[in-house]
Amino acid sequence: MTAGRLQAEGVIGLTAGMLLRSDSVSDCMEGKKMTVKLSGRMSALAALVTPGHRLADVGCDHGYIPIFLCRTGRIPSAVAMDINQGPLERAERNIAAYGLQGRIQTRISDGLRALGEDEADTVLIAGMGGYLVKRILTEEGAIPESVVELILQPQSDLAEVRRCVREVGFFIADEDMVEEEGKFYPMMKARRRAADCFPEEDARRTVAEVINRQDMEDLFGPVLLEKRHPVLKRWLEKELRTTEAILSRLDANPRVRSRKQELLGKERLLQEALRRYSEYSHIKC
């Protein structure tokens, strides 16, 4: 169930007989009302985590997502990690405030280096640049065998991250996209790929067709395209308008030929993505 549907229904979860509404968790501790409120982006990320999985949150910042998921009963435990002491101390204070020290561990970690072999089923990496996400995932021995799910929300270079997902033996099983305060946040859920997964449809395609389709999916998201996600469409239309406006200004300047060619290529990709918006049938393993 997507975050959008959860928010539309006004229900996140049910635990200990308490109905949890919108994207917050409230309860009383020592007479003080405690509330975890998630932004739309964080709520969408939390909704992608498979219930019952142990979570490793890389770059946890305030620790709100593991706190929220533990409080709502969606996950049994979590490891909140950050490379910097300051964010980790903030997370530790928040975890203690909700009495979750026994379920959420914290530790200093550069990427996944401090994660043990059997401590997590799902890894969450959100809010980092795409090449940093790629570096974290491709370090030798970085992903423990127990990890079967990656929740990724890179801030840039999404095509590189989607290619990286395949390189480390996972496939994109689900995606979501949120527009918040004028910014767009695509995110993905990847699962570990079975060793014998070779989609039959690709075997019937020419090499050129497979490459063209793969490039399109890497750039814009295979599941977002398949879902005809409304936020993706808004983003494509916005990017196309921006690109066309820049091109119209460059027409009067003959000294920017290379930049113009780059933008013309982007324009064609965006037009093609919009044209094929409803034609995708993504193959899952």
# chains A, B, ... in the order shown; residues from 1 in each chain; ligands from 1

call {"tool": "closest_atom_pairs", "arguments": {"of": "region 170-276 of chain A", "to": "region 121-130 of chain A", "cutoff": "10 Å", "atoms": "only C-alpha atoms", "output": "tab-separated table"}}
result
residue	atom	partner	partner_atom	distance
A:Tyr185	CA	A:Gly127	CA	9.2
A:Met187	CA	A:Ala126	CA	8.4
A:Lys189	CA	A:Leu124	CA	9.3
A:Ala190	CA	A:Thr122	CA	9.6
A:Arg191	CA	A:Thr122	CA	9.2

call {"tool": "write_last_selection", "arguments": {"atoms": "all heavy atoms", "output": "mmCIF file, in the first residue's frame"}}
result
data_model
loop_
_atom_site.group_PDB
_atom_site.id
_atom_site.type_symbol
_atom_site.label_atom_id
_atom_site.label_comp_id
_atom_site.auth_asym_id
_atom_site.auth_seq_id
_atom_site.Cartn_x
_atom_site.Cartn_y
_atom_site.Cartn_z
ATOM 1 N N TYR A 185 10.516 13.997 -5.268
ATOM 2 C CA TYR A 185 11.337 12.989 -4.607
ATOM 3 C C TYR A 185 10.949 11.588 -5.088
ATOM 4 O O TYR A 185 10.013 10.984 -4.564
ATOM 5 C CB TYR A 185 11.154 13.066 -3.089
ATOM 6 C CG TYR A 185 11.565 14.388 -2.487
ATOM 7 C CD1 TYR A 185 10.611 15.369 -2.200
ATOM 8 C CD2 TYR A 185 12.901 14.662 -2.211
ATOM 9 C CE1 TYR A 185 10.980 16.587 -1.643
ATOM 10 C CE2 TYR A 185 13.288 15.873 -1.654
ATOM 11 C CZ TYR A 185 12.327 16.832 -1.376
ATOM 12 O OH TYR A 185 12.703 18.040 -0.830
ATOM 13 N N MET A 187 11.537 7.578 -5.267
ATOM 14 C CA MET A 187 12.113 6.594 -4.341
ATOM 15 C C MET A 187 11.784 5.198 -4.829
ATOM 16 O O MET A 187 10.822 4.994 -5.586
ATOM 17 C CB MET A 187 11.599 6.822 -2.928
ATOM 18 C CG MET A 187 10.093 6.782 -2.802
ATOM 19 S SD MET A 187 9.479 7.509 -1.242
ATOM 20 C CE MET A 187 9.792 9.261 -1.498
ATOM 21 N N LYS A 189 11.897 0.695 -4.026
ATOM 22 C CA LYS A 189 12.115 -0.508 -3.216
ATOM 23 C C LYS A 189 12.734 -1.559 -4.130
ATOM 24 O O LYS A 189 12.172 -1.885 -5.177
ATOM 25 C CB LYS A 189 10.800 -1.040 -2.643
ATOM 26 C CG LYS A 189 10.948 -2.403 -1.941
ATOM 27 C CD LYS A 189 9.611 -3.080 -1.663
ATOM 28 C CE LYS A 189 8.912 -2.394 -0.520
ATOM 29 N NZ LYS A 189 7.754 -3.219 -0.026
ATOM 30 N N ALA A 190 13.899 -2.057 -3.742
ATOM 31 C CA ALA A 190 14.567 -3.103 -4.525
ATOM 32 C C ALA A 190 14.664 -4.364 -3.684
ATOM 33 O O ALA A 190 14.884 -4.301 -2.479
ATOM 34 C CB ALA A 190 15.965 -2.650 -4.946
ATOM 35 N N ARG A 191 14.487 -5.505 -4.353
ATOM 36 C CA ARG A 191 14.586 -6.801 -3.665
ATOM 37 C C ARG A 191 15.701 -7.627 -4.289
ATOM 38 O O ARG A 191 16.024 -7.472 -5.476
ATOM 39 C CB ARG A 191 13.260 -7.558 -3.758
ATOM 40 C CG ARG A 191 12.134 -6.911 -2.956
ATOM 41 C CD ARG A 191 10.971 -7.869 -2.739
ATOM 42 N NE ARG A 191 9.942 -7.255 -1.932
ATOM 43 C CZ ARG A 191 8.709 -7.016 -2.329
ATOM 44 N NH1 ARG A 191 8.353 -7.331 -3.565
ATOM 45 N NH2 ARG A 191 7.825 -6.461 -1.532
#

call {"tool": "atom_distance", "arguments": {"atom1": "CA of Ala46 (chain A)", "atom2": "CA of Cys70 (chain A)"}}
result
10.7 Å

call {"tool": "closest_residue", "arguments": {"among": "A:Val58, A:Ala142, A:Met81, A:Val36", "to": "Tyr98 (chain A)", "atoms": "only C-alpha atoms"}}
result
A:Val36

call {"tool": "closest_residue", "arguments": {"among": "A:Arg107, A:Arg234, A:His53, A:Arg166", "to": "Val148 (chain A)", "atoms": "only C-alpha atoms"}}
result
A:His53

call {"tool": "residues_around", "arguments": {"residues": "region 215-225 of chain A", "least_positions_apart": "5", "cutoff": "8 Å", "atoms": "only C-alpha atoms", "output": "PyMOL selection string"}}
result
chain A and resi 158-160+162-163+172-177+232+269+273+277-278+280+282

call {"tool": "write_last_selection", "arguments": {"atoms": "N, CA and C atoms", "output": "mmCIF file, in the first residue's frame"}}
result
data_model
loop_
_atom_site.group_PDB
_atom_site.id
_atom_site.type_symbol
_atom_site.label_atom_id
_atom_site.label_comp_id
_atom_site.auth_asym_id
_atom_site.auth_seq_id
_atom_site.Cartn_x
_atom_site.Cartn_y
_atom_site.Cartn_z
ATOM 1 N N LEU A 158 19.640 9.395 -10.583
ATOM 2 C CA LEU A 158 18.789 8.218 -10.369
ATOM 3 C C LEU A 158 19.098 7.086 -11.333
ATOM 4 N N ALA A 159 19.445 7.415 -12.569
ATOM 5 C CA ALA A 159 19.764 6.360 -13.535
ATOM 6 C C ALA A 159 20.969 5.551 -13.061
ATOM 7 N N GLU A 160 21.973 6.224 -12.507
ATOM 8 C CA GLU A 160 23.140 5.522 -11.979
ATOM 9 C C GLU A 160 22.753 4.604 -10.836
ATOM 10 N N ARG A 162 19.764 3.247 -10.272
ATOM 11 C CA ARG A 162 18.978 2.112 -10.771
ATOM 12 C C ARG A 162 19.870 1.068 -11.442
ATOM 13 N N ARG A 163 20.892 1.527 -12.172
ATOM 14 C CA ARG A 163 21.842 0.568 -12.755
ATOM 15 C C ARG A 163 22.625 -0.147 -11.654
ATOM 16 N N ILE A 172 14.226 -3.686 -9.065
ATOM 17 C CA ILE A 172 13.279 -2.702 -8.542
ATOM 18 C C ILE A 172 11.888 -3.315 -8.511
ATOM 19 N N ALA A 173 11.357 -3.478 -7.308
ATOM 20 C CA ALA A 173 10.052 -4.117 -7.125
ATOM 21 C C ALA A 173 8.920 -3.109 -6.991
ATOM 22 N N ASP A 174 9.231 -1.916 -6.497
ATOM 23 C CA ASP A 174 8.191 -0.902 -6.321
ATOM 24 C C ASP A 174 8.862 0.472 -6.316
ATOM 25 N N GLU A 175 8.082 1.476 -6.649
ATOM 26 C CA GLU A 175 8.565 2.857 -6.631
ATOM 27 C C GLU A 175 7.424 3.779 -6.211
ATOM 28 N N ASP A 176 7.807 4.929 -5.692
ATOM 29 C CA ASP A 176 6.836 5.969 -5.389
ATOM 30 C C ASP A 176 7.512 7.309 -5.690
ATOM 31 N N MET A 177 6.714 8.356 -5.780
ATOM 32 C CA MET A 177 7.254 9.692 -6.053
ATOM 33 C C MET A 177 6.370 10.705 -5.345
ATOM 34 N N LEU A 232 4.994 11.501 -11.359
ATOM 35 C CA LEU A 232 5.986 11.378 -12.430
ATOM 36 C C LEU A 232 5.542 12.187 -13.652
ATOM 37 N N LEU A 269 14.017 12.774 -25.074
ATOM 38 C CA LEU A 269 13.783 11.748 -24.063
ATOM 39 C C LEU A 269 12.500 12.021 -23.280
ATOM 40 N N ALA A 273 9.238 9.726 -23.190
ATOM 41 C CA ALA A 273 8.729 9.193 -21.927
ATOM 42 C C ALA A 273 7.243 9.499 -21.766
ATOM 43 N N TYR A 277 4.154 6.730 -21.837
ATOM 44 C CA TYR A 277 3.769 6.739 -20.424
ATOM 45 C C TYR A 277 2.862 5.565 -20.050
ATOM 46 N N SER A 278 1.948 5.215 -20.944
ATOM 47 C CA SER A 278 0.968 4.170 -20.623
ATOM 48 C C SER A 278 1.301 2.823 -21.247
ATOM 49 N N TYR A 280 4.104 0.805 -20.670
ATOM 50 C CA TYR A 280 5.053 -0.059 -19.981
ATOM 51 C C TYR A 280 4.369 -1.204 -19.254
ATOM 52 N N HIS A 282 6.251 -3.645 -16.837
ATOM 53 C CA HIS A 282 7.567 -3.969 -16.276
ATOM 54 C C HIS A 282 7.627 -5.432 -15.852
#

call {"tool": "select_by_dssp", "arguments": {"residues": "region 32-252 of chain A", "states": "strand (DSSP E)", "output": "number ranges by chain"}}
result
A: 32-37, 55-58, 78-82, 104-108, 122-126, 149-153, 170-180, 183-192

call {"tool": "residues_around", "arguments": {"residues": "Leu247 (chain A)", "least_positions_apart": "3", "cutoff": "8 Å", "atoms": "only C-alpha atoms", "output": "PyMOL selection string"}}
result
chain A and resi 243-244+250-251+260+263-264

call {"tool": "atom_distance", "arguments": {"atom1": "CA of Leu274 (chain A)", "atom2": "CA of Val165 (chain A)"}}
result
24.4 Å

call {"tool": "select_by_dssp", "arguments": {"residues": "region 121-202 of chain A", "states": "alpha helix (DSSP H)", "output": "list of chain:residue names"}}
result
A:Gly130, A:Tyr131, A:Leu132, A:Val133, A:Lys134, A:Arg135, A:Ile136, A:Leu137, A:Thr138, A:Leu158, A:Ala159, A:Glu160, A:Val161, A:Arg162, A:Arg163, A:Cys164, A:Val165, A:Arg166, A:Glu167, A:Glu200, A:Glu201, A:Asp202

call {"tool": "atom_distance", "arguments": {"atom1": "CA of Phe184 (chain A)", "atom2": "CA of Leu132 (chain A)"}}
result
19.2 Å

call {"tool": "closest_residue", "arguments": {"among": "A:Leu38, A:Tyr131, A:Glu279, A:Glu267", "to": "Arg228 (chain A)", "atoms": "only C-alpha atoms"}}
result
A:Glu279

call {"tool": "closest_residue", "arguments": {"among": "A:Cys60, A:Asn94, A:Leu100, A:Gln85", "to": "Gly73 (chain A)", "atoms": "only C-alpha atoms"}}
result
A:Leu100
